[in-house]
Amino acid sequence: MYTWVQDVPIDRTSYGTIIEALGEETPPGLQLHVALEQEDGTLRYVDIWDDEESCERFTRERLHPAVGAALRAAQIHVEVEPPRVETGFVHMWGAALKDSVSA
């Protein structure tokens with residue numbers, strides 16, 4: 001599994017624009033994506049992917065075009081993409097998941 005967290009300088013409105021542009025098709029290899037609102041109104045992503053290659057392909061082909069358009073629309077300028085902090089996957093479960101998954 002390829003898992004990471006990332007703090008991004010966008011709010012719920014910009015996130016909604018990005019999600020709308022991405023459409024409903026789940027990217028191949030994505031197990032879970034969670035967007036959390038922080039105290040300052042920016043977001044933190046938590047992602048769990050099958051592998052880094054699937055994540056990078058989605059990022060390059062679908063995510064970056066959608067994010068770029070949303071940032072331009074919101075007049076948000078970001079010099080560089082905020083870093084992803086890789087984490088070790090242990091386990092996930094919950095009502096939204098079909099099955100419990102462990103490393």
# chains A, B, ... in the order shown; residues from 1 in each chain; ligands from 1
$ residues_around --residues "stretch 1-9 of chain A" --least-positions-apart "5" --cutoff "7 Å" --atoms "only C-alpha atoms" --output "list of chain:residue names"
A:Thr42, A:Leu43, A:Arg44, A:Tyr45, A:Val46, A:Asp47, A:Ile48, A:Trp49, A:Asp50, A:Asp51, A:Glu52, A:Pro82, A:Pro83, A:Arg84, A:Val85, A:Glu86, A:Thr87, A:Gly88, A:Phe89
$ select_by_dssp --residues "chain A" --states "strand (DSSP E)" --output "number ranges by chain"
A: 2-8, 30-37, 43-49, 85-87, 91-92, 101-102
$ closest_residue --among "A:Ser102, A:Cys55, A:Ile10, A:Gly41" --to "A:Gly29" --atoms "only C-alpha atoms"
A:Cys55
$ residues_around --residues "stretch 72-78 of chain A" --least-positions-apart "5" --cutoff "12 Å" --atoms "only C-alpha atoms" --output "compact mmCIF listing (two decimals) with C-alpha atoms, in the first residue's frame"
# COMPACT_ATOMS: atom_id res chain seq x y z
CA VAL A 8 -3.26 21.79 1.07
CA PRO A 9 -4.00 25.55 0.92
CA ILE A 10 -7.57 25.23 -0.30
CA ASP A 11 -10.96 25.40 1.38
CA ARG A 12 -14.20 23.45 1.01
CA THR A 13 -15.37 25.55 -1.93
CA SER A 14 -12.25 24.95 -4.02
CA TYR A 15 -12.28 21.29 -3.04
CA GLY A 16 -15.86 21.00 -4.27
CA THR A 17 -14.81 22.46 -7.61
CA ILE A 18 -12.01 19.91 -7.90
CA PRO A 65 -5.52 19.49 -14.52
CA ALA A 66 -8.56 19.74 -12.21
CA VAL A 67 -6.60 21.36 -9.37
$ atom_distance --atom1 "atom CA of A:Gly68" --atom2 "atom CA of A:Val80"
11.8 Å
$ atom_distance --atom1 "atom CA of A:Val101" --atom2 "atom CA of A:Val34"
16.0 Å
$ select_by_dssp --residues "chain A" --states "alpha helix (DSSP H)" --output "list in words"
Arg12, Thr13, Ser14, Tyr15, Gly16, Thr17, Ile18, Ile19, Glu20, Ala21, Leu22, Glu52, Glu53, Ser54, Cys55, Glu56, Arg57, Phe58, His64, Pro65, Ala66, Val67, Gly68, Ala69, Ala70, Leu71, Arg72 and Ala73 of chain A
$ write_last_selection --atoms "N, CA, C and O atoms" --output "mmCIF file, in the first residue's frame"
data_model
loop_
_atom_site.group_PDB
_atom_site.id
_atom_site.type_symbol
_atom_site.label_atom_id
_atom_site.label_comp_id
_atom_site.auth_asym_id
_atom_site.auth_seq_id
_atom_site.Cartn_x
_atom_site.Cartn_y
_atom_site.Cartn_z
ATOM 1 N N ARG A 12 -13.128 24.336 1.469
ATOM 2 C CA ARG A 12 -14.204 23.447 1.014
ATOM 3 C C ARG A 12 -14.724 23.820 -0.374
ATOM 4 O O ARG A 12 -15.045 22.948 -1.178
ATOM 5 N N THR A 13 -14.831 25.104 -0.650
ATOM 6 C CA THR A 13 -15.373 25.548 -1.930
ATOM 7 C C THR A 13 -14.481 25.109 -3.083
ATOM 8 O O THR A 13 -14.949 24.539 -4.070
ATOM 9 N N SER A 14 -13.180 25.365 -2.967
ATOM 10 C CA SER A 14 -12.246 24.952 -4.021
ATOM 11 C C SER A 14 -12.205 23.435 -4.142
ATOM 12 O O SER A 14 -12.125 22.886 -5.248
ATOM 13 N N TYR A 15 -12.270 22.752 -3.017
ATOM 14 C CA TYR A 15 -12.276 21.294 -3.037
ATOM 15 C C TYR A 15 -13.499 20.781 -3.803
ATOM 16 O O TYR A 15 -13.397 19.863 -4.617
ATOM 17 N N GLY A 16 -14.651 21.393 -3.557
ATOM 18 C CA GLY A 16 -15.861 20.999 -4.265
ATOM 19 C C GLY A 16 -15.714 21.155 -5.767
ATOM 20 O O GLY A 16 -16.176 20.310 -6.544
ATOM 21 N N THR A 17 -15.059 22.234 -6.192
ATOM 22 C CA THR A 17 -14.811 22.464 -7.615
ATOM 23 C C THR A 17 -13.934 21.362 -8.190
ATOM 24 O O THR A 17 -14.180 20.858 -9.292
ATOM 25 N N ILE A 18 -12.919 20.971 -7.448
ATOM 26 C CA ILE A 18 -12.005 19.913 -7.901
ATOM 27 C C ILE A 18 -12.757 18.588 -8.015
ATOM 28 O O ILE A 18 -12.656 17.891 -9.036
ATOM 29 N N ILE A 19 -13.511 18.237 -6.990
ATOM 30 C CA ILE A 19 -14.244 16.975 -6.989
ATOM 31 C C ILE A 19 -15.246 16.929 -8.142
ATOM 32 O O ILE A 19 -15.395 15.907 -8.813
ATOM 33 N N GLU A 20 -15.915 18.037 -8.395
ATOM 34 C CA GLU A 20 -16.870 18.089 -9.503
ATOM 35 C C GLU A 20 -16.153 17.853 -10.836
ATOM 36 O O GLU A 20 -16.645 17.121 -11.694
ATOM 37 N N ALA A 21 -14.975 18.452 -10.998
ATOM 38 C CA ALA A 21 -14.218 18.290 -12.242
ATOM 39 C C ALA A 21 -13.704 16.860 -12.417
ATOM 40 O O ALA A 21 -13.585 16.374 -13.544
ATOM 41 N N LEU A 22 -13.430 16.171 -11.317
ATOM 42 C CA LEU A 22 -12.917 14.805 -11.401
ATOM 43 C C LEU A 22 -13.998 13.795 -11.796
ATOM 44 O O LEU A 22 -13.692 12.733 -12.333
ATOM 45 N N GLU A 52 2.205 3.304 -5.464
ATOM 46 C CA GLU A 52 2.580 4.674 -5.815
ATOM 47 C C GLU A 52 2.343 4.963 -7.285
ATOM 48 O O GLU A 52 1.940 6.073 -7.658
ATOM 49 N N GLU A 53 2.556 3.995 -8.151
ATOM 50 C CA GLU A 53 2.374 4.196 -9.588
ATOM 51 C C GLU A 53 0.940 4.595 -9.925
ATOM 52 O O GLU A 53 0.707 5.509 -10.715
ATOM 53 N N SER A 54 -0.040 3.936 -9.322
ATOM 54 C CA SER A 54 -1.450 4.276 -9.564
ATOM 55 C C SER A 54 -1.745 5.704 -9.120
ATOM 56 O O SER A 54 -2.436 6.452 -9.812
ATOM 57 N N CYS A 55 -1.211 6.068 -7.961
ATOM 58 C CA CYS A 55 -1.408 7.418 -7.440
ATOM 59 C C CYS A 55 -0.794 8.461 -8.368
ATOM 60 O O CYS A 55 -1.427 9.467 -8.699
ATOM 61 N N GLU A 56 0.426 8.216 -8.800
ATOM 62 C CA GLU A 56 1.120 9.179 -9.665
ATOM 63 C C GLU A 56 0.429 9.317 -11.015
ATOM 64 O O GLU A 56 0.334 10.424 -11.552
ATOM 65 N N ARG A 57 -0.063 8.225 -11.576
ATOM 66 C CA ARG A 57 -0.766 8.282 -12.860
ATOM 67 C C ARG A 57 -2.024 9.137 -12.733
ATOM 68 O O ARG A 57 -2.295 10.014 -13.561
ATOM 69 N N PHE A 58 -2.813 8.890 -11.689
ATOM 70 C CA PHE A 58 -4.021 9.678 -11.459
ATOM 71 C C PHE A 58 -3.678 11.154 -11.251
ATOM 72 O O PHE A 58 -4.327 12.041 -11.811
ATOM 73 N N HIS A 64 -4.043 16.913 -11.382
ATOM 74 C CA HIS A 64 -3.385 18.203 -11.601
ATOM 75 C C HIS A 64 -4.152 19.114 -12.564
ATOM 76 O O HIS A 64 -4.266 20.313 -12.296
ATOM 77 N N PRO A 65 -4.706 18.605 -13.676
ATOM 78 C CA PRO A 65 -5.521 19.495 -14.516
ATOM 79 C C PRO A 65 -6.725 20.074 -13.767
ATOM 80 O O PRO A 65 -7.037 21.260 -13.898
ATOM 81 N N ALA A 66 -7.396 19.261 -12.960
ATOM 82 C CA ALA A 66 -8.563 19.738 -12.209
ATOM 83 C C ALA A 66 -8.161 20.735 -11.127
ATOM 84 O O ALA A 66 -8.820 21.763 -10.939
ATOM 85 N N VAL A 67 -7.074 20.450 -10.422
ATOM 86 C CA VAL A 67 -6.598 21.360 -9.374
ATOM 87 C C VAL A 67 -6.155 22.680 -9.977
ATOM 88 O O VAL A 67 -6.481 23.751 -9.454
ATOM 89 N N GLY A 68 -5.413 22.629 -11.070
ATOM 90 C CA GLY A 68 -4.948 23.860 -11.713
ATOM 91 C C GLY A 68 -6.097 24.774 -12.087
ATOM 92 O O GLY A 68 -6.064 25.980 -11.825
ATOM 93 N N ALA A 69 -7.141 24.217 -12.665
ATOM 94 C CA ALA A 69 -8.304 25.012 -13.053
ATOM 95 C C ALA A 69 -9.002 25.598 -11.825
ATOM 96 O O ALA A 69 -9.402 26.766 -11.820
ATOM 97 N N ALA A 70 -9.139 24.806 -10.763
ATOM 98 C CA ALA A 70 -9.814 25.283 -9.546
ATOM 99 C C ALA A 70 -9.005 26.385 -8.868
ATOM 100 O O ALA A 70 -9.578 27.372 -8.393
ATOM 101 N N LEU A 71 -7.690 26.236 -8.826
ATOM 102 C CA LEU A 71 -6.857 27.269 -8.198
ATOM 103 C C LEU A 71 -6.908 28.571 -8.990
ATOM 104 O O LEU A 71 -6.995 29.653 -8.404
ATOM 105 N N ARG A 72 -6.867 28.462 -10.313
ATOM 106 C CA ARG A 72 -6.976 29.676 -11.137
ATOM 107 C C ARG A 72 -8.318 30.365 -10.907
ATOM 108 O O ARG A 72 -8.387 31.586 -10.765
ATOM 109 N N ALA A 73 -9.388 29.592 -10.852
ATOM 110 C CA ALA A 73 -10.726 30.151 -10.647
ATOM 111 C C ALA A 73 -10.836 30.847 -9.292
ATOM 112 O O ALA A 73 -11.514 31.867 -9.164
#
